[in-house]
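Undergrad: Structure file input-v8.txt, compact mmCIF, C-alpha atoms, is pasted below:
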# COMPACT_ATOMS: atom_id res chain seq x y z
CA MET A 1 -11.24 -19.23 17.21
CA ASP A 2 -7.62 -18.44 18.25
CA GLU A 3 -6.82 -15.65 20.73
CA LEU A 4 -5.24 -13.32 18.17
CA THR A 5 -8.24 -13.59 15.87
CA SER A 6 -10.54 -12.77 18.77
CA ILE A 7 -8.51 -9.70 19.70
CA TYR A 8 -8.39 -8.62 16.07
CA GLU A 9 -12.16 -8.79 15.70
CA GLU A 10 -12.86 -7.00 18.97
CA GLN A 11 -10.61 -3.98 18.29
CA GLU A 12 -12.28 -0.59 18.10
CA ILE A 13 -12.51 0.18 14.39
CA SER A 14 -14.07 2.61 11.97
CA HIS A 15 -17.27 1.71 10.16
CA ILE A 16 -19.21 2.98 7.17
CA PRO A 17 -22.33 1.63 5.47
CA PHE A 18 -21.81 -0.38 2.30
CA HIS A 19 -23.94 -2.24 -0.22
CA ASN A 20 -23.23 -5.94 -0.11
CA GLY A 21 -24.69 -6.82 -3.49
CA ASN A 22 -27.88 -8.27 -2.03
CA GLY A 23 -29.67 -5.00 -1.50
CA LEU A 24 -28.58 -4.84 2.14
CA HIS A 25 -26.57 -2.13 3.83
CA VAL A 26 -24.41 -3.29 6.74
CA ALA A 27 -21.57 -1.85 8.82
CA GLU A 28 -18.14 -2.94 7.59
CA ASP A 29 -14.58 -2.24 8.68
CA VAL A 30 -12.71 0.52 6.90
CA LEU A 31 -9.01 1.38 7.00
CA VAL A 32 -8.58 5.07 7.85
CA THR A 33 -5.25 5.73 9.58
CA ASP A 34 -1.98 3.97 10.35
CA GLU A 35 -3.44 2.75 13.64
CA ASP A 36 -5.78 0.50 11.66
CA THR A 37 -2.80 -1.46 10.33
CA TYR A 38 -0.57 -1.25 13.41
CA GLU A 39 -0.43 -5.03 13.86
CA ALA A 40 0.87 -5.49 10.33
CA ASP A 41 3.19 -2.46 10.28
CA THR A 42 5.14 -3.11 13.48
CA TYR A 43 8.49 -4.83 12.91
CA GLU A 44 9.16 -8.29 14.30
CA ASP A 45 11.04 -6.97 17.34
CA GLY A 46 8.09 -4.75 18.23
CA SER A 47 9.81 -1.59 17.01
CA ILE A 48 8.46 0.91 14.49
CA TYR A 49 12.00 1.23 13.10
CA PRO A 50 13.52 -1.27 10.63
CA TYR A 51 17.04 -0.64 11.94
CA ASP A 52 18.96 1.28 14.62
CA MET A 53 18.30 5.00 14.47
CA PRO A 54 20.86 7.75 15.21
CA GLU A 55 21.07 8.83 18.83
CA GLU A 56 20.47 12.49 17.95
CA VAL A 57 17.96 13.89 15.50
CA ASP A 58 19.15 16.67 13.20
CA ILE A 59 16.25 19.07 13.70
CA ARG A 60 17.03 22.74 14.28
CA GLU A 61 15.07 25.71 15.55
CA ASP A 62 14.68 28.64 13.17
CA PRO A 63 12.37 31.28 14.73
CA GLN A 64 10.97 33.77 12.24
CA THR A 65 8.48 36.60 12.27
CA VAL A 66 5.29 36.23 10.27
CA TYR A 67 6.63 38.89 7.89
CA GLU A 68 9.85 36.90 7.29
CA TRP A 69 7.89 33.65 6.90
CA ILE A 70 5.53 35.06 4.27
CA ARG A 71 8.43 36.73 2.44
CA ARG A 72 10.14 33.35 2.18
CA LEU A 73 6.88 31.96 0.78
CA ASP A 74 6.60 34.79 -1.78
CA ARG A 75 10.14 34.15 -2.95
CA GLY A 76 9.35 30.52 -3.71
CA LEU A 77 11.59 29.13 -0.98
CA LEU A 78 8.64 27.54 0.82
CA ILE A 79 6.62 24.85 -0.92
CA VAL A 80 3.01 24.89 0.23
CA ASP A 81 0.52 22.72 -1.60
CA PRO A 82 -2.87 21.49 -0.32
CA GLU A 83 -2.17 18.09 -1.92
CA PHE A 84 0.61 17.45 0.57
CA GLN A 85 -1.36 16.79 3.66
CA ARG A 86 -4.62 15.60 5.09
CA ASN A 87 -7.84 16.31 3.26
CA LEU A 88 -8.87 18.96 5.77
CA VAL A 89 -9.37 22.62 4.88
CA TRP A 90 -10.04 25.31 7.47
CA LYS A 91 -13.31 27.16 7.27
CA ILE A 92 -13.42 30.95 7.46
CA GLU A 93 -14.23 30.85 11.19
CA GLN A 94 -11.21 28.63 11.91
CA LYS A 95 -8.95 30.94 9.92
CA SER A 96 -10.32 33.94 11.78
CA GLN A 97 -9.78 32.31 15.16
CA PHE A 98 -6.17 31.59 14.26
CA ILE A 99 -5.58 35.24 13.28
CA GLU A 100 -7.23 36.25 16.55
CA SER A 101 -4.79 33.97 18.44
CA VAL A 102 -1.90 35.70 16.70
CA LEU A 103 -3.25 39.14 17.63
CA VAL A 104 -3.81 38.39 21.31
CA ASN A 105 -0.47 36.54 21.67
CA ILE A 106 -1.88 33.10 22.47
CA PRO A 107 0.95 30.50 22.28
CA LEU A 108 1.04 28.83 18.87
CA PRO A 109 2.23 25.29 18.11
CA PRO A 110 5.51 25.09 16.15
CA LEU A 111 5.69 24.60 12.42
CA TYR A 112 7.79 21.81 10.89
CA ILE A 113 9.51 22.11 7.54
CA ASN A 114 11.66 19.66 5.61
CA GLN A 115 14.82 21.03 4.05
CA ARG A 116 15.47 19.69 0.55
CA ASN A 117 18.87 19.30 -1.01
CA ASP A 118 18.10 22.15 -3.44
CA GLY A 119 17.75 24.61 -0.58
CA LYS A 120 13.97 24.85 -0.67
CA TYR A 121 11.69 23.92 2.20
CA ILE A 122 8.51 21.87 2.27
CA VAL A 123 5.92 22.65 4.93
CA VAL A 124 5.33 19.29 6.60
CA ASP A 125 3.16 20.44 9.48
CA GLY A 126 1.69 23.94 9.42
CA LEU A 127 0.12 24.11 5.99
CA GLN A 128 -3.19 25.58 7.16
CA ARG A 129 -1.52 28.12 9.44
CA THR A 130 0.86 29.24 6.71
CA SER A 131 -1.90 29.44 4.09
CA THR A 132 -4.16 31.37 6.50
CA LEU A 133 -1.50 33.97 7.35
CA ASN A 134 -0.63 34.44 3.70
CA ALA A 135 -4.27 34.74 2.59
CA PHE A 136 -5.22 37.18 5.34
CA ILE A 137 -2.24 39.48 4.81
CA LYS A 138 -3.01 39.52 1.09
CA GLY A 139 -6.63 40.53 1.78
CA GLU A 140 -8.32 37.32 0.63
CA PHE A 141 -10.84 37.07 3.48
CA PRO A 142 -12.35 39.19 6.28
CA LEU A 143 -12.37 38.14 9.92
CA SER A 144 -15.53 36.41 11.07
CA GLY A 145 -16.91 34.93 14.28
CA LEU A 146 -14.30 36.47 16.61
CA LYS A 147 -15.22 36.48 20.29
CA LEU A 148 -12.25 38.16 22.01
CA LEU A 149 -11.84 40.83 19.34
CA SER A 150 -15.41 41.03 18.06
CA ASN A 151 -14.87 44.63 16.97
CA LEU A 152 -12.61 43.30 14.19
CA ASN A 153 -15.27 41.10 12.58
CA GLY A 154 -15.75 41.98 8.94
CA ARG A 155 -12.30 43.55 8.58
CA LYS A 156 -9.55 42.49 6.22
CA PHE A 157 -5.85 43.02 6.89
CA SER A 158 -5.86 46.40 5.14
CA ASP A 159 -8.74 47.53 7.38
CA LEU A 160 -6.79 46.96 10.60
CA GLU A 161 -5.01 49.70 12.51
CA PRO A 162 -1.26 49.96 11.75
CA LYS A 163 -0.43 48.70 15.26
CA GLU A 164 -2.66 45.64 14.69
CA GLN A 165 -1.02 44.94 11.33
CA ALA A 166 2.40 45.22 12.97
CA ARG A 167 1.32 42.88 15.77
CA ILE A 168 0.59 40.21 13.15
CA GLU A 169 3.70 40.76 11.03
CA ASP A 170 6.04 40.95 14.02
CA ARG A 171 4.66 37.83 15.73
CA LYS A 172 7.40 35.25 16.19
CA LEU A 173 6.78 31.75 14.82
CA LEU A 174 8.71 28.77 16.14
CA ILE A 175 9.97 26.83 13.13
CA TYR A 176 11.66 23.43 13.31
CA VAL A 177 13.76 22.49 10.29
CA ILE A 178 14.07 18.76 9.56
CA LYS A 179 17.41 18.24 7.84
CA PRO A 180 17.80 15.82 4.88
CA THR A 181 19.87 13.45 7.04
CA VAL A 182 16.90 12.54 9.27
CA PRO A 183 15.64 9.02 8.30
CA LEU A 184 12.02 8.98 7.17
CA PRO A 185 10.91 6.39 9.78
CA MET A 186 12.19 8.76 12.47
CA VAL A 187 10.17 11.58 10.92
CA TYR A 188 7.06 9.42 11.31
CA ASP A 189 7.89 8.92 14.97
CA ILE A 190 8.49 12.64 15.49
CA PHE A 191 4.98 13.44 14.37
CA HIS A 192 3.49 10.71 16.52
CA ARG A 193 5.25 12.28 19.49
CA ILE A 194 4.39 15.91 18.88
CA ASN A 195 0.78 15.24 17.77
CA THR A 196 0.26 18.91 16.91
CA GLY A 197 -3.32 20.05 16.70
CA GLY A 198 -4.55 16.72 18.04
CA THR A 199 -4.36 15.01 14.63
CA GLN A 200 -1.27 13.01 13.70
CA LEU A 201 0.07 13.02 10.17
CA THR A 202 -0.02 9.57 8.60
CA ARG A 203 3.00 8.00 6.93
CA GLN A 204 1.64 8.66 3.46
CA GLU A 205 0.86 12.29 4.26
CA ILE A 206 4.51 12.68 5.25
CA ARG A 207 5.70 10.82 2.14
CA ASN A 208 3.65 13.23 0.07
CA CYS A 209 5.74 16.05 1.50
CA PHE A 210 9.07 14.33 0.91
CA TYR A 211 8.46 12.98 -2.61
CA LEU A 212 6.34 15.71 -4.19
CA GLY A 213 5.98 15.38 -7.95
CA LYS A 214 4.65 12.94 -10.50
CA ALA A 215 4.34 10.19 -7.90
CA THR A 216 2.08 12.19 -5.58
CA ARG A 217 -0.09 13.31 -8.49
CA LEU A 218 -0.34 9.76 -9.85
CA LEU A 219 -1.36 8.32 -6.48
CA LYS A 220 -4.00 11.01 -6.05
CA SER A 221 -5.40 10.35 -9.53
CA LEU A 222 -5.49 6.57 -9.14
CA SER A 223 -7.12 6.78 -5.71
CA GLU A 224 -9.99 8.82 -7.17
CA GLN A 225 -10.78 6.39 -10.00
CA GLU A 226 -14.16 4.68 -9.75
CA TYR A 227 -12.71 1.28 -10.71
CA PHE A 228 -10.40 1.46 -7.69
CA ARG A 229 -13.12 2.57 -5.25
CA GLN A 230 -15.23 -0.32 -6.58
CA ALA A 231 -12.35 -2.83 -6.32
CA ILE A 232 -11.91 -2.09 -2.61
CA ASP A 233 -15.66 -1.53 -2.08
CA GLN A 234 -14.87 1.73 -0.24
CA GLY A 235 -12.85 -0.33 2.23
CA ILE A 236 -10.01 2.19 2.57
CA SER A 237 -10.87 5.76 3.48
CA PRO A 238 -9.51 8.55 1.26
CA ASN A 239 -9.47 11.04 4.15
CA ARG A 240 -5.96 10.36 5.43
CA MET A 241 -4.25 9.00 2.28
CA LYS A 242 -4.38 5.40 3.48
CA ASP A 243 -5.81 4.53 0.06
CA ARG A 244 -2.82 6.13 -1.66
CA GLU A 245 -0.44 4.15 0.52
CA ALA A 246 -2.19 0.92 -0.48
CA ILE A 247 -1.84 1.82 -4.17
CA LEU A 248 1.82 2.73 -3.66
CA ARG A 249 2.48 -0.65 -2.05
CA TYR A 250 1.27 -2.39 -5.21
CA LEU A 251 3.12 -0.05 -7.58
CA ALA A 252 6.37 -0.40 -5.62
CA PHE A 253 6.37 -4.18 -5.94
CA ARG A 254 5.24 -3.96 -9.55
CA ILE A 255 8.10 -1.77 -10.74
CA GLN A 256 10.89 -2.99 -8.43
CA ASP A 257 12.53 -6.39 -7.96
CA HIS A 258 11.65 -7.17 -4.36
CA GLU A 259 13.83 -10.28 -4.26
CA ALA A 260 16.92 -8.21 -5.02
CA LEU A 261 16.02 -4.79 -3.62
CA TYR A 262 13.82 -5.33 -0.59
CA LYS A 263 16.00 -5.02 2.53
CA ASN A 264 13.58 -5.40 5.43
CA ASP A 265 12.56 -1.71 5.19
CA MET A 266 9.14 -1.01 3.68
CA ASP A 267 9.47 2.76 4.04
CA ALA A 268 12.73 2.83 2.10
CA PHE A 269 11.25 0.53 -0.56
CA LEU A 270 8.21 2.76 -1.00
CA GLY A 271 10.35 5.88 -1.00
CA GLU A 272 12.53 4.49 -3.79
CA ALA A 273 9.39 3.68 -5.76
CA MET A 274 8.16 7.27 -5.46
CA LYS A 275 11.58 8.54 -6.56
CA THR A 276 11.44 6.22 -9.58
CA ILE A 277 7.92 7.32 -10.51
CA ASN A 278 8.96 10.97 -10.24
CA GLN A 279 11.52 10.29 -13.00
CA MET A 280 9.12 8.50 -15.35
CA SER A 281 8.06 9.82 -18.73
CA ASP A 282 4.42 10.45 -19.54
CA GLU A 283 4.38 7.28 -21.62
CA GLN A 284 5.65 5.23 -18.69
CA LEU A 285 3.07 6.77 -16.38
CA HIS A 286 0.27 5.91 -18.80
CA LEU A 287 1.53 2.33 -18.92
CA LEU A 288 1.51 2.19 -15.13
CA GLU A 289 -2.02 3.59 -14.98
CA ALA A 290 -3.30 1.09 -17.54
CA ASP A 291 -1.67 -1.78 -15.66
CA PHE A 292 -3.27 -0.69 -12.38
CA GLU A 293 -6.72 -0.33 -13.93
CA ARG A 294 -6.51 -3.76 -15.56
CA VAL A 295 -5.64 -5.44 -12.25
CA MET A 296 -8.35 -3.63 -10.28
CA VAL A 297 -11.00 -4.50 -12.85
CA TRP A 298 -9.94 -8.16 -13.03
CA THR A 299 -9.75 -8.72 -9.28
CA TYR A 300 -13.16 -7.15 -8.68
CA ASP A 301 -14.62 -9.21 -11.51
CA LEU A 302 -13.29 -12.37 -9.85
CA PHE A 303 -13.91 -11.67 -6.16
CA GLY A 304 -16.50 -8.89 -5.99
CA VAL A 305 -17.02 -7.22 -2.60
CA GLU A 306 -14.68 -9.75 -0.95
CA ASN A 307 -11.76 -8.47 -3.02
CA PHE A 308 -8.51 -8.02 -1.03
CA ARG A 309 -10.34 -8.82 2.21
CA LEU A 310 -9.06 -11.11 4.95
CA PRO A 311 -12.24 -12.81 6.20
CA THR A 312 -13.05 -13.52 9.83
CA SER A 313 -15.30 -16.27 11.14
CA SER A 314 -18.39 -14.11 10.73
CA MET A 315 -17.52 -11.23 8.39
CA ARG A 316 -15.81 -10.62 5.09
CA GLY A 317 -13.15 -8.65 7.02
CA ARG A 318 -11.19 -5.56 6.23
CA VAL A 319 -9.04 -4.86 3.19
CA ASN A 320 -5.59 -6.31 3.85
CA ILE A 321 -2.92 -4.20 2.17
CA ALA A 322 -0.31 -6.99 2.07
CA LEU A 323 -2.88 -9.25 0.41
CA MET A 324 -3.72 -6.49 -2.04
CA GLU A 325 -0.08 -5.97 -3.05
CA ALA A 326 0.75 -9.68 -3.47
CA GLY A 327 -2.55 -10.64 -5.08
CA SER A 328 -2.50 -7.70 -7.46
CA CYS A 329 1.05 -8.46 -8.57
CA PHE A 330 0.04 -12.05 -9.27
CA PHE A 331 -2.82 -10.98 -11.54
CA ALA A 332 -0.67 -8.34 -13.23
CA GLU A 333 1.67 -11.13 -14.32
CA GLN A 334 -1.07 -13.26 -15.90
CA THR A 335 -2.39 -12.84 -19.41
CA ASP A 336 -6.08 -12.11 -19.95
CA GLU A 337 -6.37 -15.37 -21.85
CA PHE A 338 -5.00 -17.39 -18.95
CA ILE A 339 -7.37 -15.76 -16.43
CA VAL A 340 -10.38 -16.35 -18.64
CA ALA A 341 -9.47 -19.98 -19.30
CA HIS A 342 -8.84 -20.85 -15.65
CA ARG A 343 -11.22 -18.52 -13.84
CA THR A 344 -12.91 -21.18 -11.68
CA ASP A 345 -9.62 -22.76 -10.60
CA ILE A 346 -8.10 -19.38 -9.79
CA VAL A 347 -11.00 -18.39 -7.52
CA ARG A 348 -10.92 -21.78 -5.76
CA ASN A 349 -7.18 -21.66 -5.18
CA TYR A 350 -7.38 -18.06 -3.98
CA HIS A 351 -9.84 -19.02 -1.25
CA ARG A 352 -7.67 -22.00 -0.30
CA LEU A 353 -4.72 -19.64 0.04
CA LEU A 354 -6.67 -17.52 2.53
CA GLU A 355 -7.06 -20.64 4.69
CA SER A 356 -3.30 -21.25 4.76
CA LYS A 357 -1.78 -20.44 8.17
CA GLU A 358 1.59 -19.77 6.54
CA PHE A 359 0.09 -17.27 4.10
CA ILE A 360 -1.98 -15.56 6.80
CA ASP A 361 1.17 -15.14 8.86
CA ALA A 362 2.84 -13.46 5.86
CA ILE A 363 0.05 -10.94 5.27
CA ARG A 364 -1.09 -10.13 8.78
CA PHE A 365 1.85 -9.84 11.19
CA SER A 366 4.94 -7.63 10.76
CA THR A 367 4.35 -7.60 7.02
CA SER A 368 7.42 -5.44 6.35
CA ALA A 369 9.79 -8.22 7.43
CA ARG A 370 11.77 -9.42 4.41
CA ARG A 371 11.05 -13.11 5.07
CA ARG A 372 7.32 -12.42 5.15
CA VAL A 373 7.47 -10.32 1.99
CA LEU A 374 9.28 -13.11 0.12
CA ASN A 375 6.98 -15.73 1.59
CA ARG A 376 3.68 -14.11 0.61
CA PHE A 377 4.84 -13.50 -2.96
CA ALA A 378 6.08 -17.08 -3.26
CA LEU A 379 2.89 -18.52 -1.75
CA GLY A 380 0.82 -16.21 -3.93
CA GLN A 381 1.82 -18.24 -6.93
CA ASN A 382 -0.41 -21.01 -5.55
CA ILE A 383 -3.32 -19.14 -7.08
CA THR A 384 -2.30 -20.70 -10.37
CA VAL A 385 -4.17 -23.78 -11.54
CA ASP A 386 -1.70 -26.41 -10.35
CA GLY A 387 -0.24 -24.45 -7.45
CA THR A 388 3.08 -23.87 -9.20
CA SER A 389 4.63 -20.91 -10.96
CA ASP A 390 4.43 -21.91 -14.60
CA GLU A 391 6.21 -19.23 -16.63
CA SER A 392 4.33 -20.29 -19.77
CA LYS A 393 1.12 -19.04 -18.16
CA ARG A 394 2.48 -15.63 -17.30
CA ASP A 395 3.50 -12.47 -19.11
CA VAL A 396 7.14 -12.47 -20.08
CA ASN A 397 7.94 -9.54 -17.74
CA LYS A 398 7.45 -9.93 -13.98
CA ARG A 399 7.66 -6.14 -13.71
CA LEU A 400 6.56 -3.49 -16.12
CA PRO A 401 9.15 -2.74 -18.85
CA LEU A 402 9.70 0.84 -17.65
Take the structure in this file and express it as structure tokens.

TA:
Amino acid sequence: MDELTSIYEEQEISHIPFHNGNGLHVAEDVLVTDEDTYEADTYEDGSIYPYDMPEEVDIREDPQTVYEWIRRLDRGLLIVDPEFQRNLVWKIEQKSQFIESVLVNIPLPPLYINQRNDGKYIVVDGLQRTSTLNAFIKGEFPLSGLKLLSNLNGRKFSDLEPKEQARIEDRKLLIYVIKPTVPLPMVYDIFHRINTGGTQLTRQEIRNCFYLGKATRLLKSLSEQEYFRQAIDQGISPNRMKDREAILRYLAFRIQDHEALYKNDMDAFLGEAMKTINQMSDEQLHLLEADFERVMVWTYDLFGVENFRLPTSSMRGRVNIALMEAGSCFFAEQTDEFIVAHRTDIVRNYHRLLESKEFIDAIRFSTSARRRVLNRFALGQNITVDGTSDESKRDVNKRLPL
């Protein structure tokens, strides 16, 4: 076993039980956060950036009182949507403790908002705090479980003394505004550095803030489909949107010409895909959904619980997102008739491909590098019966006719 493989297998990783088809439940690796794909996501020079970043970041302070912040929300200038961020929702006790912190003047972490070109602002980090302040001031829940101000338990905002209400409304919040000129990869790094609340936003959680619309709703819907959860055998956790990022990777290469458009920047490529999806008609979205379902069903039918997995010497391995994107695009380009007629050969050639050092290099290390992207898609055509790309065996359109 080579040294890199040994390190890869010995990394600390997340586990969940799964059913392996033989009536046995075993622990298996699951992708949860960006750290689980760090080896593949780092660029070839070891940087997290695909190109040189500006020396100064255009982020500005904009302190506001709670009253001013909620007024901006009421006027529709702040976009706050639970779909944006991590699948975590504060319980009543957590909300109450935050209100208590406001009342007793405990220092609060800053909030980060992204300024859009239309003048509106998206809450990137601070969704729960904003929602909690808004809900409490509007009387949607009473305080509960307070320890410092236990006399306020059971009270809503309207039940507080005027001086206590004023203390909340006059509390200053530190707001950082991320200007539209800040490159998205730098935004990712910002949130890795600040690490507010102890939990870092993932890349896809941040993308969800920047490209809100049809794309975010489509990714959410597709990630919840049973055929997808079956195709990955629960191998990518839904908790931090890593599953949505995997789906987006496939969709981006399905609807865009990577040979012409991919410029060594995966984030930009995925961002353009989300912009494109946001402009699609309902008919185009349905076509995209049907295409995705067909591929997930076919790949699971062919490879079962080993689908999209990069095997190790002793395990079936974790889901490999680069393998998923390239393999899925290959099957999307084949007709049903071709897959049925050559099923045995396809499965055999697929397993041979996973033994190719050149292909493994293209799907495991610095997978955003343009040469590796081109290489894995070119090598992926070896899944065909004779190891060549025979256009007569494929659908006439490499990408969907959108």

Undergrad: Report, in Å with one decimal, the straight-line distance from atom CA of Val373 of chain A to atom CA of Gln256 of chain A.

TA: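 Interatomic distance here is 13.2 Å.
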
Undergrad: I need the residue nearest Ile70 of chain A from this list: A:Glu169, A:Glu293, A:Glu325, A:Glu259. Use all atoms listed in the file for the distance.

TA: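 Looking at the shortest contact to Ile70 of chain A, the residue is A:Glu169.
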
Undergrad: Go through A:Val124, A:Leu173, A:Leu288, A:Leu160 and flag the residue nearest Trp69 of chain A, using all atoms listed in the file for the distances.

TA: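 The closest residue to Trp69 of chain A is A:Leu173.
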
Undergrad: Contacts of Gln225 of chain A at 12 Å or less, counting only C-alpha atoms, minus same-chain residues fewer than 5 places along, as number ranges by chain?

TA: A: 218-220, 230-232, 234, 238, 243-244, 247, 289-290, 292-293, 296-297

Undergrad: When you count all atoms listed in the file, which of these residues is closest to Gln204 of chain A: A:Thr344, A:Leu103, A:Val32, A:Ser328?

TA: A:Val32

Undergrad: May I ask for the distance between atom CA of Asp301 of chain A and atom CA of Val30 of chain A, given in Å to one decimal place?

TA: 20.9 Å

Undergrad: What does the distance between atom CA of Ser366 of chain A and atom CA of Leu261 of chain A come to in Å, to one decimal place?

TA: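 Computing the Euclidean distance for atom CA of Ser366 of chain A and atom CA of Leu261 of chain A yields 18.4 Å.
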
Undergrad: Under the rule that all atoms listed in the file are counted, which of A:Asp282, A:Asp233, A:Glu205, A:Asp29 is the nearest residue to Glu245 of chain A?

TA: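 Result for the nearest residue to Glu245 of chain A: A:Glu205.
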
Undergrad: Do a neighbour search on Asp159 of chain A at 12 Å with all atoms listed in the file, toss out local chain neighbours closer than 2 positions, and write the hits as a compact mmCIF listing (two decimals) with C-alpha atoms, in the coordinates of the input.

TA:
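What follows is the written file part-v4.txt:
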# COMPACT_ATOMS: atom_id res chain seq x y z
CA PHE A 136 -5.22 37.18 5.34
CA ILE A 137 -2.24 39.48 4.81
CA LYS A 138 -3.01 39.52 1.09
CA GLY A 139 -6.63 40.53 1.78
CA PHE A 141 -10.84 37.07 3.48
CA PRO A 142 -12.35 39.19 6.28
CA LEU A 143 -12.37 38.14 9.92
CA ASN A 151 -14.87 44.63 16.97
CA LEU A 152 -12.61 43.30 14.19
CA ASN A 153 -15.27 41.10 12.58
CA GLY A 154 -15.75 41.98 8.94
CA ARG A 155 -12.30 43.55 8.58
CA LYS A 156 -9.55 42.49 6.22
CA PHE A 157 -5.85 43.02 6.89
CA GLU A 161 -5.01 49.70 12.51
CA PRO A 162 -1.26 49.96 11.75
CA LYS A 163 -0.43 48.70 15.26
CA GLU A 164 -2.66 45.64 14.69
CA GLN A 165 -1.02 44.94 11.33

Undergrad: With distances taken over all atoms listed in the file, which residue among A:Val102, A:Val177, A:Ile236, A:Met266 lies nearest Met324 of chain A?

TA: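 Of A:Val102, A:Val177, A:Ile236, A:Met266, the one nearest Met324 of chain A is A:Ile236, counting all atoms listed in the file.
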
Undergrad: List as a ChimeraX atom specification the residues having at least one atom at most 10 Å from position (0.0, -4.3, 0.5) as given in the file, counting all atoms listed in the file.

TA: /A:40,245-253,308,319-328,363,367-368,373

Undergrad: Using all atoms listed in the file, can you list as a list in words the residues within 12 Å of (11.9, 30.8, 0.3)?

TA: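 Answer for this query, in the requested form: Glu68, Trp69, Ile70, Arg71, Arg72, Leu73, Asp74, Arg75, Gly76, Leu77, Leu78, Ile79, Val80, Ile113, Gln115, Arg116, Asp118, Gly119, Lys120, Tyr121, Ile122 and Val123 of chain A.
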
Undergrad: Out of A:Val347, A:Ile92, A:Leu174, A:Met186, which residue has the shortest atom-to-atom distance to Leu111 of chain A when counting only C-alpha atoms?

TA: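 When distances to Leu111 of chain A are compared using only C-alpha atoms, the smallest one comes from A:Leu174.
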
Undergrad: Compile the contact shell of Val104 of chain A as a list in words: residues with an atom at most 10 Å away, counting only C-alpha atoms, same-chain residues fewer than 5 positions apart removed.

TA: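 Everything that qualifies: Ile99, Leu148, Leu149, Glu164, Arg167 and Ile168 of chain A.
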
Undergrad: List the neighbours of Ile206 of chain A out to 9 Å using only C-alpha atoms; skip same-chain residues closer than 4 positions along the sequence, and give me the result as a list in words.

TA: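 Listing them by chain and then by number gives Phe84, Gln85, Val124, Asp125, Leu184, Val187, Tyr188, Leu201, Thr202, Phe210 and Tyr211 of chain A.
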
Undergrad: Please return the centre and edge lengths, in Å to one decimal, of a box with edges along x, y and z that contains all listed atoms of segment 139-153 of chain A, widened by 8 Å on every side, as lines of an AutoDock Vina configuration file.

TA:
center_x = -11.8
center_y = 39.8
center_z = 11.3
size_x = 26.3
size_y = 25.7
size_z = 37.4
